[in-house]
Amino acid sequence: MSEQLALLPGYLTAHLQLTLVALSVGLLASVPLGVAVVRWRRLEPAVLGAASVVQTIPSLALLAIMVPALAFVGAIVSSVFGVEIRSIGYLPAVIALTLYSMLPILRNTVTGISGVDPSVNEAARAVGMTDRQRLMLVQVPLALPVIIAGIRTAAVWVVGIATLSTPVGAPSLGNYIFRGLQTRNFTAVMVGCVSAAALALSLDSLIRALEIGVGKRKRGWIAVPAAILIGLFGYTGYTFAIGWTDPQPKPVTIGAKTFTEQYILSELLGLQIARETGLATRTLQSLGSTVAFDSLVNGDVDVYVDYSGTIWATVMKRQSLPEERGELLTEVREYLAREYGVTLVASLGFENTYALGMARERAQTLGVETISELAAHTPALEIAGDYEFFGRPEWRAIRDTYGLEFGRRRSMDSSLMYQAVRESQVDVISAFSTDGRIAAFDIELLDDDRGVIPPYDAIVLASARLSKTMPQVLRALARLEGRIGAAVMQQMNLRVDQGGQLPRAVAEKFLAEIEDAEPAFPLRTSREPEVFR
Amino acid sequence: MIELDHLSKAYDASFAVQNLTFDVAREELLVLLGGSGCGKTTTLKLINRLVEPTSGSVRIAGTDTRALKGHELRRRIGYCFQEVGLFPHMTVGENVAITLGLLDWSPGVQQARVCELLSMLGLEPSEFVARWPHELSGGERQRVGIARALAAKPEILLLDEPFGALDPLTRDRLQQSFQQLRRELGVTGVFVTHDMVEALLLGDRIAVMEAGRLVQIGRPREFLLEPATDYVAELMETPMRQTKQLEALAGKDSPGDQGPG
């Protein structure tokens with residue numbers, strides 16, 4: 001609990017940076033737009049329609065779409081103006097959140113102004129107000145309670161949805177939730193949810209108090225919430241300012257995708273870099289699968305662990321496997337260096353491959369040991385895979401080569417699959433071979449007897465920037481070459497997933513154990529969480 | 001003072017006001033009388049350009065109203081209507097001072113003027129300046145509306161059934177104080193009503209409208225003696241008949257009605 005709470009200031013600050021900026025920009029854009037809609041009614045279907053469409057896009061998807069959209073815009077901008085735009089991290093998140101905040105404010109502005117009593121409007125004209133004066137002195141003030149109600153709705157939405165910024169690389173309170181769900185650390189999930197809810201309610205009540213104060217023209221009611229809000233904005237602005245002017249060198253950033261092994265390895269790499277080089281490090285966790293690689297390419301992430309087969313299939317878009325399986329790693333290494341300047345620093349020594357898994361008893365009953373033997377039974381069976389699995393080329397290759405025709409298939413969170421297959425809720429799962437629960441739950445991995453599934457060697461990738469400027473970091477990481485066997489990785493995963501240990505603690509223990517005669521540098525890492533800079 | 005010259009207003013194909021020509025003399029109160037939908041309200045709004053005419057023109061003190069911008073014109077003409085339209089987010093004082101603010105009067109002068117107006121309309125300034133519109137009775141609200149209309153010392157006052165929504169006693173009291181006030185101030189007024197009695201009692205002259213056209217214009221007495229059309233005669237007949245019925249009722253009841261008939 002206290003370990004989780006120690007991360008709170010950083011995540012909360014990052015969350016505030018996202019929500020306050022998104023709300024402010026949303027507000028500044030929506031109210032004038034709403035006024036324009038009232039004045040030129042012909043705009044109404046287009047403007048409100050567009051805002052509603054944005055609202056119907058699932059929030060996680062909207063955030064994810066921002067990444068390629070921004071990369072596209074960024075490419076144009078950088079070729080025309082020579083300015084680099086980061087397509088992951090803070091910017092895509094804050095743009096998506098701004099768009100989300102707009103509908104309630106926009107709609108309430110239109111409703112509020114349209115709802116002003118016609119006789120009051122007539123009086124405003126009759127006493128000699130211009131259209132602008134009527135707007136500023138009568139319509140907007142009278143619509144204010146409705147507009148503020150819209151702002152409050154937007155505030156609550158944005159605080160909630162901001163927790164989904166984590167996978168696009170923008171830290172937020174969502175980091176608690178994503179990491180907690182993946183590593184089955186429900187304390188982290190609770191801390192994330194409770195603090196997000198508390199922030200939403202606080203913002204809502206602050207705005208509400210301000211509204212009451214303005215309505216009643218009571219100084220105290222206005223002064224207190226206004227002071228707190230100004231304080232929040234001031235603090236957020238201050239954190240931006242130090243982020244920009246920080247004279248300290250940027251810490252080495254280690255990325256992690258959204259599963260346990262990745263959390264452990266990111267901590268492990270961080271500790272290794274820190275103890276070997278003394279450099280400050282930070283982790284950027286819970287990145288979407290392709291976001292992690294994109295971040296490495298554009299330099300937001302310096303180091304992370306990926307898997308050779310994943311790069312082969314999703315980055316290099318290769319269909320068939322090389323004849324000699326060992327060649328795959330060589331080709332991946334050459335390709336990454338050639339196309340992206342990315343260095344393959346080390347192969348850790350284990351594979352985390354996709355494998356079809358079944359409860360051992362069930363497999364024995366059916367008499368199935370290989371995927372070929374499974375094929376005949378598939379029409380009567382149900383398969384579960386993680387969100388990506390059925391969309392990946394590997395799945396198509398397995399399905400088509402073996403002629404698998406499962407009766408039903410189901411996508412679910414990878415952390416829940418193992419439990420599901422153990423309890424016979426599904427028959428077959430797309431297991432990750434290093435997951436500790438395979439051994440713990442007595443799950444049998446079926447043999448890929450026709451060699452369709454590519455090798456998934458865990459490889460440490462370093463960005464072009466890091467490769468050029470910090471060779472000592474590469475040297476430190478290269479020492480991990482071949483040091484982590486599959487059994488060790490399974491055990492570490494199990495300690496987190498079932499044993500309730502923190503990824504960092506598991507990583508520390510591992511490094512302490514492999515500590516041989518080498519002199520250790522004093523541990524010094526920046527434990528400051530991933531505040532946007 | 002106010003001259004309407006072949007003034008027409010058409011909505012789509014139908015005329016709300018058609019070819020209206022009449023004058024209002026300085027310090028005169030002209031009552032526009034007619035049933036609902038006869039175009040009397042539109043006529044009033046054509047004078048301060050809340051509605052723009054389709055054809056024809058309005059001159060005030062000899063100048064075409066189109067020489068000024070609409071909002072500048074309206075700052076010089078008081079306007080008061082049945083719904084009053086007080087600004088609910090402003091106090092009584094702020095409501096009355098609104099036009100003064102638009103005309104950039106200094107705050108001190110505004111304040112003095114607001115007090116003057118409220119006392120003029122029988123509202124104790126110290127009690128009413130800081131009140132909110134929703135705290136007022138119907139009669140008080142209408143008084144504030146008149147005060148707001150008179151604030152910038154307009155020479156012209158336009159009134160659209162200002163007392164229409166009030167109970168009879170309040171209406172009578174307000175009619176009297178209004179009559180007194182407009183004579184004291186010497187404002188020129190156009191007063192729209194569908195109430196015959198109100199028209200006869202308040203108007204220096206009456207103009208009767210029917211279906212967007214002027215039917216008869218003249219002094220109240222002329223309407224009683226020489227109605228120009230059957231419609232006008234019918235309009236006059238109702239109050240006359242009611243008066244007779246009231247007299248008859250009073251005559252029958254007063255001496256003998258001590259017990260059940």
# chains A, B, ... in the order shown; residues from 1 in each chain; ligands from 1
$ interface_residues --of "chain B" --to "chain A" --cutoff "9 Å" --atoms "only C-alpha atoms" --output "number ranges by chain"
B: 48, 50, 70-81, 83-89, 98-99, 102, 148-149
$ write_last_selection --atoms "N, CA and C atoms" --output "PDB file, in the first residue's frame"
ATOM      1  N   ASN B  48     -39.566  51.577 -33.132  1.00  0.00           N
ATOM      2  CA  ASN B  48     -38.184  51.552 -32.614  1.00  0.00           C
ATOM      3  C   ASN B  48     -37.319  50.514 -33.330  1.00  0.00           C
ATOM      4  N   LEU B  50     -37.480  47.371 -33.683  1.00  0.00           N
ATOM      5  CA  LEU B  50     -37.331  45.977 -33.261  1.00  0.00           C
ATOM      6  C   LEU B  50     -37.754  45.102 -34.432  1.00  0.00           C
ATOM      7  N   GLY B  70     -29.940  50.739 -35.275  1.00  0.00           N
ATOM      8  CA  GLY B  70     -31.093  50.281 -34.496  1.00  0.00           C
ATOM      9  C   GLY B  70     -30.897  50.411 -33.002  1.00  0.00           C
ATOM     10  N   HIS B  71     -29.730  49.950 -32.500  1.00  0.00           N
ATOM     11  CA  HIS B  71     -29.565  49.980 -31.041  1.00  0.00           C
ATOM     12  C   HIS B  71     -29.400  51.406 -30.525  1.00  0.00           C
ATOM     13  N   GLU B  72     -28.836  52.292 -31.368  1.00  0.00           N
ATOM     14  CA  GLU B  72     -28.712  53.695 -30.922  1.00  0.00           C
ATOM     15  C   GLU B  72     -30.078  54.358 -30.861  1.00  0.00           C
ATOM     16  N   LEU B  73     -30.915  54.048 -31.844  1.00  0.00           N
ATOM     17  CA  LEU B  73     -32.280  54.556 -31.848  1.00  0.00           C
ATOM     18  C   LEU B  73     -33.013  54.103 -30.592  1.00  0.00           C
ATOM     19  N   ARG B  74     -32.884  52.808 -30.274  1.00  0.00           N
ATOM     20  CA  ARG B  74     -33.654  52.246 -29.159  1.00  0.00           C
ATOM     21  C   ARG B  74     -33.195  52.786 -27.805  1.00  0.00           C
ATOM     22  N   ARG B  75     -31.937  53.219 -27.715  1.00  0.00           N
ATOM     23  CA  ARG B  75     -31.483  53.812 -26.450  1.00  0.00           C
ATOM     24  C   ARG B  75     -32.178  55.148 -26.182  1.00  0.00           C
ATOM     25  N   ARG B  76     -32.751  55.732 -27.246  1.00  0.00           N
ATOM     26  CA  ARG B  76     -33.407  57.045 -27.083  1.00  0.00           C
ATOM     27  C   ARG B  76     -34.909  56.921 -26.983  1.00  0.00           C
ATOM     28  N   ILE B  77     -35.430  55.688 -27.051  1.00  0.00           N
ATOM     29  CA  ILE B  77     -36.870  55.479 -26.982  1.00  0.00           C
ATOM     30  C   ILE B  77     -37.164  54.486 -25.862  1.00  0.00           C
ATOM     31  N   GLY B  78     -38.038  54.910 -24.933  1.00  0.00           N
ATOM     32  CA  GLY B  78     -38.392  53.980 -23.862  1.00  0.00           C
ATOM     33  C   GLY B  78     -39.353  52.918 -24.388  1.00  0.00           C
ATOM     34  N   TYR B  79     -39.211  51.673 -23.882  1.00  0.00           N
ATOM     35  CA  TYR B  79     -40.068  50.597 -24.356  1.00  0.00           C
ATOM     36  C   TYR B  79     -40.455  49.739 -23.167  1.00  0.00           C
ATOM     37  N   CYS B  80     -41.744  49.440 -23.122  1.00  0.00           N
ATOM     38  CA  CYS B  80     -42.246  48.738 -21.957  1.00  0.00           C
ATOM     39  C   CYS B  80     -43.327  47.785 -22.429  1.00  0.00           C
ATOM     40  N   PHE B  81     -43.233  46.500 -22.040  1.00  0.00           N
ATOM     41  CA  PHE B  81     -44.243  45.557 -22.527  1.00  0.00           C
ATOM     42  C   PHE B  81     -44.771  44.669 -21.420  1.00  0.00           C
ATOM     43  N   GLU B  83     -44.835  41.534 -20.578  1.00  0.00           N
ATOM     44  CA  GLU B  83     -44.004  40.565 -19.854  1.00  0.00           C
ATOM     45  C   GLU B  83     -42.879  41.254 -19.089  1.00  0.00           C
ATOM     46  N   VAL B  84     -42.706  42.543 -19.290  1.00  0.00           N
ATOM     47  CA  VAL B  84     -41.694  43.391 -18.666  1.00  0.00           C
ATOM     48  C   VAL B  84     -40.280  43.008 -19.113  1.00  0.00           C
ATOM     49  N   GLY B  85     -39.939  41.697 -18.987  1.00  0.00           N
ATOM     50  CA  GLY B  85     -38.601  41.274 -19.410  1.00  0.00           C
ATOM     51  C   GLY B  85     -37.502  41.878 -18.561  1.00  0.00           C
ATOM     52  N   LEU B  86     -37.726  41.890 -17.223  1.00  0.00           N
ATOM     53  CA  LEU B  86     -36.622  42.326 -16.352  1.00  0.00           C
ATOM     54  C   LEU B  86     -35.517  41.274 -16.439  1.00  0.00           C
ATOM     55  N   PHE B  87     -34.249  41.724 -16.362  1.00  0.00           N
ATOM     56  CA  PHE B  87     -33.134  40.780 -16.433  1.00  0.00           C
ATOM     57  C   PHE B  87     -33.023  40.070 -15.083  1.00  0.00           C
ATOM     58  N   PRO B  88     -33.280  38.766 -15.070  1.00  0.00           N
ATOM     59  CA  PRO B  88     -33.391  38.083 -13.773  1.00  0.00           C
ATOM     60  C   PRO B  88     -32.073  38.011 -13.002  1.00  0.00           C
ATOM     61  N   HIS B  89     -30.944  38.211 -13.701  1.00  0.00           N
ATOM     62  CA  HIS B  89     -29.650  38.102 -13.011  1.00  0.00           C
ATOM     63  C   HIS B  89     -29.158  39.466 -12.547  1.00  0.00           C
ATOM     64  N   ILE B  98     -29.749  50.015 -16.815  1.00  0.00           N
ATOM     65  CA  ILE B  98     -29.082  49.316 -17.908  1.00  0.00           C
ATOM     66  C   ILE B  98     -28.795  50.230 -19.108  1.00  0.00           C
ATOM     67  N   THR B  99     -29.795  51.007 -19.529  1.00  0.00           N
ATOM     68  CA  THR B  99     -29.582  51.861 -20.699  1.00  0.00           C
ATOM     69  C   THR B  99     -28.562  52.955 -20.396  1.00  0.00           C
ATOM     70  N   LEU B 102     -25.277  51.602 -20.971  1.00  0.00           N
ATOM     71  CA  LEU B 102     -24.994  51.490 -22.405  1.00  0.00           C
ATOM     72  C   LEU B 102     -24.624  52.854 -22.984  1.00  0.00           C
ATOM     73  N   ARG B 148     -37.303  51.611 -15.959  1.00  0.00           N
ATOM     74  CA  ARG B 148     -36.216  51.286 -16.881  1.00  0.00           C
ATOM     75  C   ARG B 148     -36.433  51.979 -18.225  1.00  0.00           C
ATOM     76  N   ALA B 149     -37.708  52.003 -18.674  1.00  0.00           N
ATOM     77  CA  ALA B 149     -38.001  52.625 -19.962  1.00  0.00           C
ATOM     78  C   ALA B 149     -37.750  54.128 -19.925  1.00  0.00           C
TER      79      ALA B 149
END
$ residues_around --residues "range 223-233 of chain A" --least-positions-apart "6" --cutoff "10 Å" --atoms "only C-alpha atoms" --output "VMD selection string"
chain A and resid 13 16 to 17 20 to 21 24 203 205 to 211 213 to 214 239
$ residues_around --residues "range 175-178 of chain B" --least-positions-apart "4" --cutoff "8 Å" --atoms "only C-alpha atoms" --output "short mmCIF file (atom, residue, chain, number, x, y, z; two decimals) with N, CA and C atoms, in the first residue's frame"
data_model
loop_
_atom_site.label_atom_id
_atom_site.label_comp_id
_atom_site.auth_asym_id
_atom_site.auth_seq_id
_atom_site.Cartn_x
_atom_site.Cartn_y
_atom_site.Cartn_z
N LEU B 121 -41.82 56.41 -9.29
CA LEU B 121 -42.80 55.35 -9.52
C LEU B 121 -43.31 54.76 -8.22
N PHE B 163 -50.13 47.04 -18.69
CA PHE B 163 -50.87 46.70 -17.47
C PHE B 163 -51.77 45.48 -17.67
N ARG B 171 -53.93 47.57 -11.56
CA ARG B 171 -53.94 48.19 -12.88
C ARG B 171 -54.45 49.63 -12.79
N ARG B 182 -46.56 60.82 -17.10
CA ARG B 182 -46.22 61.17 -18.49
C ARG B 182 -46.61 62.62 -18.79
N LEU B 202 -57.12 56.65 -21.07
CA LEU B 202 -55.74 57.12 -21.11
C LEU B 202 -55.41 57.95 -22.34
#
$ atom_distance --atom1 "CA of Leu33 in chain A" --atom2 "CA of Phe81 in chain A"
28.5 Å
$ closest_residue --among "B:Leu249, B:Ala130, B:Val96, B:Val190" --to "Gly145 in chain B" --atoms "only C-alpha atoms"
B:Val96
